[in-house]
file model09.cif (mmCIF, C-alpha atoms)
data_data
loop_
_atom_site.label_atom_id
_atom_site.label_comp_id
_atom_site.auth_asym_id
_atom_site.auth_seq_id
_atom_site.Cartn_x
_atom_site.Cartn_y
_atom_site.Cartn_z
CA MET A 1 6.12 -81.37 116.78
CA PHE A 2 4.18 -78.09 116.57
CA LYS A 3 3.14 -78.39 120.23
CA ARG A 4 6.76 -78.86 121.28
CA ILE A 5 7.79 -75.77 119.33
CA ALA A 6 4.96 -73.72 120.84
CA ASN A 7 5.81 -75.02 124.32
CA TRP A 8 9.49 -74.17 123.82
CA SER A 9 8.56 -70.68 122.59
CA GLY A 10 6.48 -70.16 125.73
CA ARG A 11 9.39 -71.20 127.96
CA MET A 12 11.71 -68.78 126.18
CA ALA A 13 9.17 -65.96 126.45
CA ALA A 14 8.73 -66.62 130.18
CA ARG A 15 12.48 -66.50 130.76
CA LEU A 16 12.86 -63.27 128.81
CA TYR A 17 9.97 -61.70 130.72
CA ALA A 18 11.45 -62.72 134.06
CA SER A 19 14.94 -61.54 133.15
CA ALA A 20 13.72 -58.17 131.87
CA LEU A 21 11.05 -57.26 134.41
CA LEU A 22 11.41 -59.34 137.58
CA ARG A 23 14.03 -59.91 140.24
CA MET A 24 13.75 -63.66 139.81
CA ASP A 25 15.36 -65.97 142.34
CA VAL A 26 14.93 -69.72 141.79
CA GLN A 27 16.57 -72.16 144.19
CA ARG A 28 16.13 -75.91 144.35
CA ARG A 29 16.85 -78.45 147.04
CA ALA A 30 17.76 -81.43 144.85
CA PRO A 31 18.13 -82.48 141.21
CA LEU A 32 14.87 -83.36 139.56
CA PRO A 33 14.26 -87.00 138.66
CA ASP A 34 14.07 -88.01 135.03
CA GLY A 35 10.73 -88.90 133.54
CA PRO A 36 7.23 -87.60 134.21
CA LYS A 37 6.72 -85.37 137.25
CA ILE A 38 3.93 -83.43 138.92
CA ILE A 39 4.97 -79.87 139.74
CA ALA A 40 2.75 -78.53 142.55
CA ALA A 41 2.98 -74.85 143.54
CA ASN A 42 1.11 -72.21 145.49
CA HIS A 43 -0.67 -69.62 143.35
CA PRO A 44 -0.33 -65.96 144.46
CA THR A 45 -0.96 -64.40 141.03
CA THR A 46 -2.53 -65.02 137.65
CA THR A 47 0.94 -64.67 136.13
CA ASP A 48 2.23 -67.84 137.83
CA PRO A 49 1.30 -70.38 135.10
CA PHE A 50 3.17 -68.32 132.50
CA LEU A 51 6.26 -67.89 134.69
CA MET A 52 6.16 -71.56 135.66
CA MET A 53 6.92 -72.46 132.04
CA GLY A 54 10.29 -70.74 132.37
CA TRP A 55 11.36 -72.74 135.42
CA ALA A 56 11.51 -76.03 133.55
CA SER A 57 14.18 -77.29 131.19
CA GLU A 58 11.67 -79.65 129.55
CA PRO A 59 8.19 -79.26 128.07
CA ILE A 60 5.48 -79.07 130.72
CA SER A 61 1.71 -78.98 130.48
CA VAL A 62 0.13 -76.60 132.98
CA LEU A 63 -3.45 -77.04 134.15
CA VAL A 64 -4.94 -73.57 133.64
CA THR A 65 -8.40 -72.12 134.26
CA GLU A 66 -10.66 -72.32 131.22
CA MET A 67 -11.07 -68.54 131.14
CA CYS A 68 -7.46 -68.10 130.03
CA PHE A 69 -8.11 -70.36 127.03
CA LYS A 70 -10.92 -68.04 125.92
CA MET A 71 -8.77 -64.90 125.89
CA PRO A 72 -7.66 -63.57 122.48
CA VAL A 73 -4.14 -64.65 121.46
CA LEU A 74 -3.32 -66.14 124.88
CA GLY A 75 -6.00 -68.82 124.57
CA ARG A 76 -4.80 -69.93 121.15
CA PHE A 77 -1.22 -70.12 122.37
CA LEU A 78 -2.17 -72.18 125.45
CA GLN A 79 -4.05 -74.64 123.29
CA GLN A 80 -1.27 -74.96 120.73
CA ALA A 81 1.38 -75.43 123.43
CA GLY A 82 -0.44 -78.41 124.93
CA HIS A 83 -1.66 -76.90 128.20
CA VAL A 84 -4.81 -78.26 129.84
CA PRO A 85 -8.00 -76.22 130.43
CA VAL A 86 -9.74 -76.68 133.77
CA MET A 87 -13.44 -76.05 133.15
CA ASP A 88 -15.87 -75.06 135.89
CA GLY A 89 -17.74 -78.12 137.07
CA LYS A 90 -15.76 -80.39 134.75
CA GLY A 91 -12.52 -80.89 136.62
CA ARG A 92 -12.61 -84.61 135.87
CA ALA A 93 -11.81 -84.00 132.21
CA ALA A 94 -8.67 -82.04 133.13
CA PHE A 95 -7.70 -84.73 135.63
CA ASP A 96 -8.09 -87.50 133.06
CA LYS A 97 -5.97 -85.53 130.59
CA ALA A 98 -3.26 -85.07 133.22
CA VAL A 99 -3.25 -88.83 133.86
CA GLU A 100 -2.92 -89.44 130.13
CA LEU A 101 0.01 -87.03 129.85
CA LEU A 102 1.86 -88.49 132.85
CA ARG A 103 1.43 -92.07 131.62
CA ALA A 104 2.79 -90.95 128.24
CA GLY A 105 5.94 -89.67 129.97
CA HIS A 106 5.14 -85.95 130.13
CA THR A 107 5.44 -83.53 133.06
CA VAL A 108 2.40 -81.63 134.30
CA ALA A 109 2.11 -78.62 136.59
CA ILE A 110 -0.81 -78.01 138.94
CA PHE A 111 -1.85 -75.51 141.59
CA PRO A 112 -3.27 -77.72 144.39
CA GLU A 113 -5.33 -74.87 145.87
CA GLY A 114 -7.52 -74.81 142.77
CA ALA A 115 -7.71 -71.00 143.05
CA LEU A 116 -5.49 -68.02 143.75
CA SER A 117 -3.82 -68.06 147.15
CA PRO A 118 -5.22 -65.73 149.85
CA LEU A 119 -4.15 -62.15 149.18
CA GLU A 120 -3.06 -61.69 152.79
CA GLY A 121 -0.65 -64.60 152.47
CA GLY A 122 -0.67 -68.31 153.23
CA VAL A 123 -2.44 -70.94 151.15
CA CYS A 124 -5.96 -72.23 150.56
CA PRO A 125 -6.97 -75.77 151.61
CA PRO A 126 -5.84 -78.15 148.85
CA HIS A 127 -7.96 -80.09 146.42
CA THR A 128 -7.10 -83.79 146.14
CA GLY A 129 -6.13 -83.86 142.45
CA VAL A 130 -2.35 -83.82 142.95
CA ALA A 131 -2.48 -86.66 145.48
CA ARG A 132 -4.74 -88.76 143.27
CA LEU A 133 -2.49 -88.17 140.25
CA ALA A 134 0.57 -89.26 142.22
CA LEU A 135 -1.12 -92.40 143.55
CA MET A 136 -2.59 -93.39 140.18
CA THR A 137 0.52 -92.85 138.07
CA GLY A 138 3.43 -93.27 140.50
CA ALA A 139 4.88 -89.94 139.31
CA PRO A 140 6.81 -87.97 141.95
CA VAL A 141 5.42 -84.67 143.20
CA ILE A 142 7.79 -81.68 143.05
CA PRO A 143 6.60 -79.13 145.65
CA VAL A 144 7.28 -75.47 144.84
CA GLY A 145 6.87 -72.42 147.07
CA ILE A 146 6.47 -68.93 145.57
CA HIS A 147 6.79 -65.56 147.30
CA LEU A 148 6.50 -62.06 145.86
CA GLN A 149 5.68 -58.52 146.96
CA ARG A 150 1.92 -58.31 147.24
CA GLU A 151 2.00 -54.52 146.97
CA ASN A 152 3.28 -54.93 143.39
CA ILE A 153 0.27 -56.97 142.27
CA HIS A 154 -1.97 -55.27 139.69
CA PHE A 155 -5.68 -56.11 139.77
CA ARG A 156 -7.60 -56.21 136.50
CA GLU A 157 -11.19 -57.27 135.90
CA THR A 158 -11.43 -59.68 132.98
CA THR A 159 -14.74 -60.64 131.38
CA VAL A 160 -15.05 -63.66 129.08
CA ASP A 161 -18.38 -65.14 127.94
CA GLY A 162 -20.21 -62.90 130.40
CA LYS A 163 -18.18 -64.11 133.38
CA THR A 164 -16.05 -61.55 135.21
CA GLU A 165 -13.03 -62.41 137.34
CA VAL A 166 -10.42 -60.23 139.01
CA ALA A 167 -7.00 -61.22 137.70
CA ARG A 168 -3.79 -60.55 139.61
CA TRP A 169 -0.92 -59.61 137.29
CA TYR A 170 2.70 -59.28 138.43
CA PHE A 171 4.79 -57.02 136.20
CA HIS A 172 7.82 -56.12 138.34
CA GLY A 173 9.51 -56.79 141.65
CA PRO A 174 11.07 -59.78 143.44
CA TYR A 175 9.74 -63.21 142.62
CA ALA A 176 11.31 -65.98 144.73
CA VAL A 177 10.81 -69.67 144.01
CA THR A 178 12.00 -72.60 146.12
CA VAL A 179 11.80 -76.04 144.49
CA GLY A 180 11.65 -78.85 147.03
CA GLU A 181 12.83 -82.45 146.98
CA PRO A 182 10.68 -84.98 145.10
CA MET A 183 7.88 -86.56 147.11
CA ARG A 184 6.73 -90.09 146.30
CA PHE A 185 3.54 -91.75 147.45
CA GLU A 186 2.02 -95.21 147.34
CA GLY A 187 -1.36 -96.41 148.49
CA ASP A 188 -5.00 -96.89 147.61
CA VAL A 189 -6.40 -93.98 145.62
CA GLU A 190 -9.89 -95.08 146.72
CA ASP A 191 -9.01 -94.58 150.40
CA HIS A 192 -10.42 -91.06 150.67
CA GLU A 193 -9.04 -90.34 154.14
CA TYR A 194 -5.56 -91.35 153.00
CA VAL A 195 -5.85 -89.24 149.84
CA ARG A 196 -6.84 -86.21 151.95
CA SER A 197 -3.86 -86.77 154.25
CA VAL A 198 -1.49 -86.95 151.26
CA SER A 199 -3.03 -83.77 149.85
CA ALA A 200 -2.53 -81.98 153.18
CA HIS A 201 1.06 -83.22 153.41
CA ILE A 202 1.87 -81.89 149.92
CA MET A 203 0.24 -78.53 150.66
CA GLN A 204 2.12 -78.22 153.96
CA ARG A 205 5.40 -78.78 152.11
CA VAL A 206 4.46 -76.18 149.48
CA ALA A 207 3.55 -73.67 152.21
CA ARG A 208 6.83 -74.29 154.02
CA LEU A 209 8.79 -73.71 150.82
CA ALA A 210 6.83 -70.50 150.19
CA ARG A 211 7.84 -69.28 153.67
CA GLU A 212 11.45 -70.13 152.84
CA SER A 213 11.16 -68.06 149.66
CA ALA A 214 9.74 -65.21 151.75
CA ARG A 215 12.62 -65.32 154.23
CA ARG A 216 15.15 -65.31 151.41
CA THR A 217 13.48 -62.33 149.78
CA VAL A 218 13.47 -60.31 152.99
CA ALA A 219 17.01 -61.30 153.99
CA SER A 220 18.61 -60.71 150.60
CA PRO A 221 16.85 -58.01 148.59
CA VAL A 222 18.24 -57.77 145.09
CA SER A 223 18.36 -54.67 142.91
CA GLY A 224 17.85 -54.93 139.18
CA SER A 225 16.65 -57.95 137.23
CA GLY A 226 17.56 -61.45 138.29
CA THR A 227 18.48 -64.51 136.30
CA LEU A 228 15.95 -67.26 135.81
CA ARG A 229 17.51 -70.69 136.10
CA PRO A 230 15.36 -73.53 134.75
CA VAL A 231 14.19 -76.01 137.37
CA GLY A 232 16.01 -78.84 135.64
CA SER A 233 19.33 -77.03 135.30
CA ALA A 234 22.48 -78.60 136.68
CA THR A 235 23.41 -75.69 138.94
CA ALA A 236 21.21 -74.32 141.69
CA SER A 237 20.85 -70.59 142.23
#
call {"tool": "encode", "arguments": {"input": "model09.cif", "output": "structure tokens"}}
result
Amino acid sequence: MFKRIANWSGRMAARLYASALLRMDVQRRAPLPDGPKIIAANHPTTTDPFLMMGWASEPISVLVTEMCFKMPVLGRFLQQAGHVPVMDGKGRAAFDKAVELLRAGHTVAIFPEGALSPLEGGVCPPHTGVARLALMTGAPVIPVGIHLQRENIHFRETTVDGKTEVARWYFHGPYAVTVGEPMRFEGDVEDHEYVRSVSAHIMQRVARLARESARRTVASPVSGSGTLRPVGSATAS
């Protein structure tokens, strides 16, 4: 119960943040299926996992780098809200937890690139985790493409446990999200070539949706703050 309350609080905070500071534009291609889902998105900024919570109309568990869990306040919240830490060199533990959540009927969110997207645009080659999760659990993959103004990104060095990373924070400006149609996959999760092809297919769809978000942002600039519509809402933007 406490995790659900913390998760709900995070979703509300993300929506308030987006409404107050961003020109948020969320559009979706089709209604989301009921039941567990795998939300797969590109990852231009460190702010994305937080904002992702606001897209959904249901509790989601986001796979987040372990460093975020070690930050004061933020780390405690992430843990209490049921998000999943991805530890360096121990990705299997996060994967197993995601399988457990999906089989229990929960929705998880993952960034297939496994790192921040290239600053100059485009996407990194995908890891195979999303494909393996889909094949092992039968859960549909919901591809999501994000676009924002790179010149509005703020870079901050963050040091935790002696490890320093450069975080990319996004505090204002347009933030366009395109949610694609569900993708379903069947096949042998031990067929590594097939798993890589599924991973590439998912990443290609995410990249295409990100380009669609970019075109929409350029074609229809919006002044002022936008309205964040949850991914599972009945009416598309």
call {"tool": "closest_residue", "arguments": {"input": "model09.cif", "among": "A:Gly35, A:Gly187, A:Gly173, A:Pro125", "to": "Arg23 (chain A)", "atoms": "only C-alpha atoms"}}
result
A:Gly173
call {"tool": "axis_aligned_box", "arguments": {"input": "model09.cif", "around": "region 112-116 of chain A", "padding_each_side": "3 Å", "output": "lines of an AutoDock Vina configuration file"}}
result
center_x = -5.5
center_y = -72.9
center_z = 144.3
size_x = 10.4
size_y = 15.7
size_z = 9.1
call {"tool": "residues_around", "arguments": {"input": "model09.cif", "residues": "Thr178 (chain A)", "least_positions_apart": "3", "cutoff": "10 Å", "atoms": "only C-alpha atoms", "output": "mmCIF file with C-alpha atoms, keeping the file's coordinate frame"}}
result
data_model
loop_
_atom_site.group_PDB
_atom_site.id
_atom_site.type_symbol
_atom_site.label_atom_id
_atom_site.label_comp_id
_atom_site.auth_asym_id
_atom_site.auth_seq_id
_atom_site.Cartn_x
_atom_site.Cartn_y
_atom_site.Cartn_z
ATOM 1 C CA ASP A 25 15.360 -65.970 142.340
ATOM 2 C CA VAL A 26 14.930 -69.720 141.790
ATOM 3 C CA GLN A 27 16.570 -72.160 144.190
ATOM 4 C CA ARG A 28 16.130 -75.910 144.350
ATOM 5 C CA ARG A 29 16.850 -78.450 147.040
ATOM 6 C CA ALA A 41 2.980 -74.850 143.540
ATOM 7 C CA PRO A 143 6.600 -79.130 145.650
ATOM 8 C CA VAL A 144 7.280 -75.470 144.840
ATOM 9 C CA GLY A 145 6.870 -72.420 147.070
ATOM 10 C CA ILE A 146 6.470 -68.930 145.570
ATOM 11 C CA HIS A 147 6.790 -65.560 147.300
ATOM 12 C CA GLU A 181 12.830 -82.450 146.980
ATOM 13 C CA VAL A 206 4.460 -76.180 149.480
ATOM 14 C CA ARG A 208 6.830 -74.290 154.020
ATOM 15 C CA LEU A 209 8.790 -73.710 150.820
ATOM 16 C CA ALA A 210 6.830 -70.500 150.190
ATOM 17 C CA ARG A 211 7.840 -69.280 153.670
ATOM 18 C CA GLU A 212 11.450 -70.130 152.840
ATOM 19 C CA SER A 213 11.160 -68.060 149.660
ATOM 20 C CA ALA A 214 9.740 -65.210 151.750
ATOM 21 C CA ARG A 216 15.150 -65.310 151.410
ATOM 22 C CA VAL A 231 14.190 -76.010 137.370
ATOM 23 C CA SER A 237 20.850 -70.590 142.230
#
call {"tool": "atom_distance", "arguments": {"input": "model09.cif", "atom1": "CA of Phe77 (chain A)", "atom2": "CA of Asn42 (chain A)"}}
result
23.3 Å
call {"tool": "atom_distance", "arguments": {"input": "model09.cif", "atom1": "CA of Ala109 (chain A)", "atom2": "CA of Ile38 (chain A)"}}
result
5.6 Å
call {"tool": "residues_around", "arguments": {"input": "model09.cif", "residues": "Trp8 (chain A)", "least_positions_apart": "2", "cutoff": "10 Å", "atoms": "only C-alpha atoms", "output": "ChimeraX atom specification"}}
result
/A:2-6,10-14,53-54,57-60,81
call {"tool": "atom_distance", "arguments": {"input": "model09.cif", "atom1": "CA of Thr107 (chain A)", "atom2": "CA of Thr47 (chain A)"}}
result
19.6 Å
call {"tool": "residues_around", "arguments": {"input": "model09.cif", "residues": "Asp88 (chain A)", "least_positions_apart": "4", "cutoff": "10 Å", "atoms": "only C-alpha atoms", "output": "JSON, numbers by chain"}}
result
{"A": [65, 66, 67]}
call {"tool": "resolve_selection", "arguments": {"input": "model09.cif", "expression": "the PyMOL selection byres ((chain A and resi 15) around 10)", "output": "list in words"}}
result
Ser9, Gly10, Arg11, Met12, Ala13, Ala14, Leu16, Tyr17, Ala18, Ser19, Ala20, Leu22, Met24, Phe50, Leu51, Met52, Met53, Gly54, Trp55, Ala56, Thr227, Leu228, Arg229 and Pro230 of chain A
call {"tool": "resolve_selection", "arguments": {"input": "model09.cif", "expression": "the PyMOL selection byres ((chain A and resi 119) around 10)", "output": "CSV table (one decimal) with C-alpha atoms, in the frame of the given file"}}
result
chain,number,residue,atom,x,y,z
A,44,PRO,CA,-0.3,-66.0,144.5
A,45,THR,CA,-1.0,-64.4,141.0
A,116,LEU,CA,-5.5,-68.0,143.8
A,117,SER,CA,-3.8,-68.1,147.2
A,118,PRO,CA,-5.2,-65.7,149.8
A,120,GLU,CA,-3.1,-61.7,152.8
A,121,GLY,CA,-0.6,-64.6,152.5
A,122,GLY,CA,-0.7,-68.3,153.2
A,123,VAL,CA,-2.4,-70.9,151.2
A,150,ARG,CA,1.9,-58.3,147.2
A,153,ILE,CA,0.3,-57.0,142.3
A,168,ARG,CA,-3.8,-60.6,139.6
call {"tool": "closest_residue", "arguments": {"input": "model09.cif", "among": "A:Ala104, A:Val141, A:Leu135, A:Ala98", "to": "Lys37 (chain A)", "atoms": "only C-alpha atoms"}}
result
A:Val141
call {"tool": "build_atoms", "arguments": {"input": "model09.cif", "residues": "region 78-111 of chain A", "atoms": "N, CA and C atoms", "output": "CSV table (one decimal), in the frame of the given file"}}
result
chain,number,residue,atom,x,y,z
A,78,LEU,N,-2.1,-71.1,124.4
A,78,LEU,CA,-2.2,-72.2,125.4
A,78,LEU,C,-2.6,-73.5,124.8
A,79,GLN,N,-3.6,-73.4,123.9
A,79,GLN,CA,-4.0,-74.6,123.3
A,79,GLN,C,-3.0,-75.3,122.4
A,80,GLN,N,-2.3,-74.4,121.6
A,80,GLN,CA,-1.3,-75.0,120.7
A,80,GLN,C,-0.1,-75.5,121.5
A,81,ALA,N,0.2,-75.0,122.7
A,81,ALA,CA,1.4,-75.4,123.4
A,81,ALA,C,1.1,-76.7,124.3
A,82,GLY,N,-0.1,-77.2,124.2
A,82,GLY,CA,-0.4,-78.4,124.9
A,82,GLY,C,-0.8,-78.3,126.4
A,83,HIS,N,-1.2,-77.1,126.8
A,83,HIS,CA,-1.7,-76.9,128.2
A,83,HIS,C,-3.1,-77.4,128.3
A,84,VAL,N,-3.5,-77.6,129.6
A,84,VAL,CA,-4.8,-78.3,129.8
A,84,VAL,C,-5.8,-77.3,130.5
A,85,PRO,N,-7.0,-77.1,129.8
A,85,PRO,CA,-8.0,-76.2,130.4
A,85,PRO,C,-8.7,-76.9,131.6
A,86,VAL,N,-9.0,-76.2,132.7
A,86,VAL,CA,-9.7,-76.7,133.8
A,86,VAL,C,-11.1,-76.0,133.7
A,87,MET,N,-12.1,-76.7,133.3
A,87,MET,CA,-13.4,-76.0,133.2
A,87,MET,C,-14.3,-76.1,134.4
A,88,ASP,N,-15.0,-75.1,134.7
A,88,ASP,CA,-15.9,-75.1,135.9
A,88,ASP,C,-16.8,-76.2,135.9
A,89,GLY,N,-16.8,-77.0,137.0
A,89,GLY,CA,-17.7,-78.1,137.1
A,89,GLY,C,-17.3,-79.3,136.3
A,90,LYS,N,-16.2,-79.3,135.6
A,90,LYS,CA,-15.8,-80.4,134.8
A,90,LYS,C,-14.3,-80.7,135.0
A,91,GLY,N,-13.9,-80.6,136.3
A,91,GLY,CA,-12.5,-80.9,136.6
A,91,GLY,C,-12.0,-82.3,136.3
A,92,ARG,N,-13.0,-83.2,136.2
A,92,ARG,CA,-12.6,-84.6,135.9
A,92,ARG,C,-11.9,-84.7,134.5
A,93,ALA,N,-12.4,-83.9,133.5
A,93,ALA,CA,-11.8,-84.0,132.2
A,93,ALA,C,-10.4,-83.6,132.2
A,94,ALA,N,-10.1,-82.5,133.0
A,94,ALA,CA,-8.7,-82.0,133.1
A,94,ALA,C,-7.8,-83.1,133.9
A,95,PHE,N,-8.4,-83.7,134.9
A,95,PHE,CA,-7.7,-84.7,135.6
A,95,PHE,C,-7.4,-85.9,134.7
A,96,ASP,N,-8.3,-86.4,134.0
A,96,ASP,CA,-8.1,-87.5,133.1
A,96,ASP,C,-7.0,-87.2,132.0
A,97,LYS,N,-7.0,-85.9,131.5
A,97,LYS,CA,-6.0,-85.5,130.6
A,97,LYS,C,-4.6,-85.5,131.3
A,98,ALA,N,-4.5,-85.1,132.5
A,98,ALA,CA,-3.3,-85.1,133.2
A,98,ALA,C,-2.7,-86.5,133.4
A,99,VAL,N,-3.6,-87.4,133.7
A,99,VAL,CA,-3.2,-88.8,133.9
A,99,VAL,C,-2.7,-89.3,132.5
A,100,GLU,N,-3.4,-89.0,131.5
A,100,GLU,CA,-2.9,-89.4,130.1
A,100,GLU,C,-1.5,-88.9,129.8
A,101,LEU,N,-1.3,-87.6,130.1
A,101,LEU,CA,0.0,-87.0,129.8
A,101,LEU,C,1.1,-87.7,130.7
A,102,LEU,N,0.9,-87.9,132.0
A,102,LEU,CA,1.9,-88.5,132.8
A,102,LEU,C,2.2,-89.9,132.4
A,103,ARG,N,1.2,-90.7,132.0
A,103,ARG,CA,1.4,-92.1,131.6
A,103,ARG,C,2.2,-92.1,130.3
A,104,ALA,N,2.1,-91.0,129.5
A,104,ALA,CA,2.8,-91.0,128.2
A,104,ALA,C,4.2,-90.4,128.4
A,105,GLY,N,4.6,-90.1,129.7
A,105,GLY,CA,5.9,-89.7,130.0
A,105,GLY,C,6.1,-88.2,130.1
A,106,HIS,N,5.0,-87.4,130.1
A,106,HIS,CA,5.1,-86.0,130.1
A,106,HIS,C,5.1,-85.4,131.6
A,107,THR,N,5.5,-84.2,131.8
A,107,THR,CA,5.4,-83.5,133.1
A,107,THR,C,4.3,-82.6,133.1
A,108,VAL,N,3.5,-82.6,134.2
A,108,VAL,CA,2.4,-81.6,134.3
A,108,VAL,C,2.6,-80.7,135.5
A,109,ALA,N,2.0,-79.6,135.5
A,109,ALA,CA,2.1,-78.6,136.6
A,109,ALA,C,0.7,-78.2,137.0
A,110,ILE,N,0.5,-78.2,138.4
A,110,ILE,CA,-0.8,-78.0,138.9
A,110,ILE,C,-0.7,-77.1,140.2
A,111,PHE,N,-1.7,-76.3,140.4
A,111,PHE,CA,-1.8,-75.5,141.6
A,111,PHE,C,-2.9,-76.2,142.5
